[in-house]
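Here is the structure we will look at.
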Amino acid sequence: MKISRLTLLLATGLSSVAWAQNATLIRASDLKAKPFIDAASIAQLPEQTRLTVVANEGGWSQVRTSSGATGWVRLLHVRPDKQGDAGPGIVKSLGTLGNVARTGSTGQTATTGAKGISKDDLAQAAPNFQEVKRLEQYRASAKEAERYAKDNRLKAQEMSYLDASDGQRN
Amino acid sequence: MRTRHTFRPLAMALTLMAAIGLSGCKTMDFNAVLEHGGNLARSFNQNITPQEEARMGEESAALLLGAAPLVQNPGLQRYVNQVGQWVALQTGRNDVPWRFGVMDTENINAFAAPAGYVFITKGLLKRLQNEAELAGVLAHEISHVVMGHYVQTMLKKDRAAALGGLANTLAQSQGKGELSALVNLTRGVYSSGLDKEDEYQADRMGVVLATRAGYDPFGLPRVLQMYAANAGQAGFDLLFSTHPSADERLARLAASMGERFDALEAKGAKNTAAFSRQIAALTPTVKAR
């Protein structure tokens, strides 16, 4: 129980645990002082620069370089390490604790127990039409959704669909 | 093959819509254009009846909820339905009875089913940071529904089983009987996933739909980054075995998005506070927040 809670804590990267993530810059980028296109540039970072991501904000990642410089680069120019890679994906102040928890979570331990949705679960599941009926009572009408949007200052705006990068399909 | 043939007009319509959108023509009734796209999307599915699609959707939803039922939290379910319905309105498919559900499992995943069913697991919801990310995930699934990805996949795999569900389910309800061929078909489809191209397309459309709904466009890309960091981790098994790699999805999305969204992110909503309040009930045991 303790282990699975810890695993959860680590895996979710909750903000209070000094979240940080090792990553690689996949495109040469300016390191910006602020998360804006026209913000001042602190440094020029070449492709493949190793980084530590300390926060994500909209389309920007706040990163620290090995030389200690901190600034912002485009989110989509950053590729996080896999957590199973040589360097742990979540670093800083977790130390061996992280390793213990990770060992404890190998295989399926973190997710088995109650209900799951793995291939095995699907193979064994019997259709539950009662639950499908239950869904109906939570439905929101278009009017309700529009009211929700208004109350939360969500404004609809125009944006056309995107082309595939290879020019195929929509 | 039927699938590829019927795709052409839709692809052309979407290209047309893209062109109109880019021209920034203010006199154009954008809703009408969307509705036009919706009509085309409907005809895309017209090789089956609405009843057949509804049956496919219901059987799929029943199987998924048979594996993991709904979270017992009406407030949370209502919240996800409001956000989801708002995003779905941006597709122009007001004829679809959109239904959203949070499934009670720690596994990380989201699903769509024919006829307007969309599910997100509790495990995924807990890993999201704000409503823009939720909107991005739901928008990806909504796109699968609008494009008929599951319908087409099921028809392609076993047309007889996909369309024979009505009779089978009737037989099932009249006695114990054996499980219908349709249930077994949905089992197979949800275990093996959709075509990779369907996933890339749902990513592209998902970003657009979330943006249209007024959210920060980078919600879905941030979720894909989270997937990328968690490749191989427990709880992500089915997600990763049924989708292209998160790295590849991000690379394609980046190429398609270009710089078009850069100016929009500042005014895009994230609704972080509202989101945190809504999912607080899911994480009572984790104090460190």
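Residue numbering restarts at 1 for every chain of the structure tokens, chains are lettered A, B, ... in their displayed order, and ligands are numbered from 1 as they appear.
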Hey, list the chain B side of the contact with chain A: 6 Å cut-off, only C-alpha atoms, answer as a short mmCIF file (atom, residue, chain, number, x, y, z; two decimals) with N, CA and C atoms, in the first residue's frame.
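Below is the file that was written, out-v4.cif:
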```
data_model
loop_
_atom_site.label_atom_id
_atom_site.label_comp_id
_atom_site.auth_asym_id
_atom_site.auth_seq_id
_atom_site.Cartn_x
_atom_site.Cartn_y
_atom_site.Cartn_z
N ALA B 11 -12.01 14.52 -47.14
CA ALA B 11 -10.69 15.14 -47.14
C ALA B 11 -10.74 16.46 -47.91
N LEU B 14 -12.58 19.12 -45.93
CA LEU B 14 -11.78 19.65 -44.83
C LEU B 14 -10.70 20.59 -45.36
N ALA B 18 -10.25 24.40 -44.49
CA ALA B 18 -8.96 24.96 -44.09
C ALA B 18 -8.69 26.22 -44.89
N GLY B 21 -10.89 28.99 -43.74
CA GLY B 21 -10.44 29.46 -42.43
C GLY B 21 -9.23 30.36 -42.57
N ALA B 62 -20.54 -0.82 -23.29
CA ALA B 62 -20.85 -1.83 -22.27
C ALA B 62 -19.63 -2.71 -21.97
N LEU B 63 -18.87 -3.04 -23.00
CA LEU B 63 -17.68 -3.85 -22.79
C LEU B 63 -16.64 -3.08 -21.97
N LEU B 65 -17.11 -0.55 -19.96
CA LEU B 65 -17.59 -0.35 -18.59
C LEU B 65 -17.70 -1.66 -17.83
N GLY B 66 -17.74 -2.77 -18.58
CA GLY B 66 -17.70 -4.07 -17.94
C GLY B 66 -16.31 -4.35 -17.39
N ALA B 67 -15.30 -3.80 -18.05
CA ALA B 67 -13.92 -3.96 -17.56
C ALA B 67 -13.67 -3.01 -16.39
N ALA B 68 -14.13 -1.79 -16.50
CA ALA B 68 -13.97 -0.81 -15.42
C ALA B 68 -15.20 0.10 -15.41
N ARG B 78 -20.57 14.92 -14.21
CA ARG B 78 -21.25 16.05 -14.82
C ARG B 78 -20.24 17.07 -15.37
N ASN B 81 -18.76 15.90 -18.55
CA ASN B 81 -19.76 16.01 -19.61
C ASN B 81 -19.92 17.44 -20.11
N GLN B 82 -19.83 18.41 -19.20
CA GLN B 82 -19.96 19.81 -19.62
C GLN B 82 -18.77 20.24 -20.48
N GLN B 85 -18.99 18.19 -23.83
CA GLN B 85 -20.06 18.66 -24.71
C GLN B 85 -19.67 20.00 -25.35
N TRP B 86 -19.03 20.86 -24.58
CA TRP B 86 -18.59 22.15 -25.12
C TRP B 86 -17.57 21.96 -26.24
N ARG B 99 -21.88 11.46 -24.95
CA ARG B 99 -21.88 11.00 -23.58
C ARG B 99 -20.45 10.76 -23.14
N THR B 105 -10.60 3.20 -12.95
CA THR B 105 -9.38 2.38 -13.01
C THR B 105 -8.16 3.29 -12.99
N GLU B 106 -7.08 2.78 -12.39
CA GLU B 106 -5.84 3.55 -12.33
C GLU B 106 -5.07 3.47 -13.65
N ARG B 127 -3.53 12.51 -13.69
CA ARG B 127 -2.23 12.97 -14.17
C ARG B 127 -2.31 14.27 -14.96
N SER B 191 -8.64 -4.10 -28.00
CA SER B 191 -7.37 -4.70 -27.59
C SER B 191 -6.26 -4.39 -28.57
N ARG B 212 -10.62 25.76 -30.81
CA ARG B 212 -11.92 26.36 -31.14
C ARG B 212 -12.76 26.58 -29.88
N ALA B 213 -12.63 25.68 -28.93
CA ALA B 213 -13.42 25.78 -27.69
C ALA B 213 -12.86 26.83 -26.74
N GLY B 214 -11.75 27.48 -27.14
CA GLY B 214 -11.20 28.57 -26.33
C GLY B 214 -10.10 28.15 -25.37
N PHE B 218 -2.12 23.86 -26.43
CA PHE B 218 -1.03 22.93 -26.12
C PHE B 218 -1.39 21.91 -25.03
N ALA B 229 7.22 10.49 -21.63
CA ALA B 229 8.09 10.29 -20.47
C ALA B 229 7.78 8.98 -19.76
N ASN B 230 6.58 8.46 -19.96
CA ASN B 230 6.15 7.28 -19.22
C ASN B 230 6.14 6.00 -20.05
N ALA B 231 6.76 6.04 -21.23
CA ALA B 231 6.78 4.85 -22.08
C ALA B 231 7.33 3.67 -21.28
N ALA B 234 4.19 0.87 -15.87
CA ALA B 234 2.97 0.12 -15.56
C ALA B 234 1.77 1.06 -15.60
N GLY B 235 0.65 0.52 -16.06
CA GLY B 235 -0.57 1.33 -16.12
C GLY B 235 -0.79 1.93 -17.50
N LEU B 238 -1.88 -0.85 -22.18
CA LEU B 238 -2.82 -0.91 -23.30
C LEU B 238 -2.69 0.34 -24.16
N ALA B 255 4.96 19.14 -36.68
CA ALA B 255 5.09 19.49 -38.09
C ALA B 255 3.78 20.07 -38.63
N SER B 256 2.65 19.51 -38.20
CA SER B 256 1.36 20.01 -38.68
C SER B 256 0.98 21.34 -38.05
N ARG B 289 0.27 17.98 -1.99
CA ARG B 289 -0.17 18.67 -3.20
C ARG B 289 -0.12 20.18 -3.00
#
```
Within 10 Å of segment 109-116 of chain B using only C-alpha atoms, minus same-chain residues under 6 positions, as a count of residues only: 55
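With atom CA of Asn184 of chain B on one side and atom CA of Arg159 of chain B on the other, the separation reads 12.7 Å.
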Shell of 6 Å around segment 204-209 of chain B, only C-alpha atoms, local chain residues under 6 positions omitted, as an MDAnalysis selection string: chainID B and resid 136 139:140 217
Can I get the selection written as an mmCIF file, in the first residue's frame, with C-alpha atoms?
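Generated output (selection_6.cif):
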```cif
data_model
loop_
_atom_site.group_PDB
_atom_site.id
_atom_site.type_symbol
_atom_site.label_atom_id
_atom_site.label_comp_id
_atom_site.auth_asym_id
_atom_site.auth_seq_id
_atom_site.Cartn_x
_atom_site.Cartn_y
_atom_site.Cartn_z
ATOM 1 C CA GLY B 136 -7.316 18.040 -25.532
ATOM 2 C CA ALA B 139 -11.144 16.371 -28.341
ATOM 3 C CA HIS B 140 -8.885 13.580 -29.626
ATOM 4 C CA PRO B 217 -3.953 24.670 -27.803
#
```
Coordinates-based distance that separates atom CA of Pro46 of chain A from atom CA of Arg27 of chain A (Å, one decimal): 7.1 Å
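What separates atom CA of Met226 of chain B from atom CA of Lys126 of chain B is a distance of 12.2 Å.
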Which of segment 146-220 of chain B fall in alpha helix (DSSP H), as a count of residues only: 56
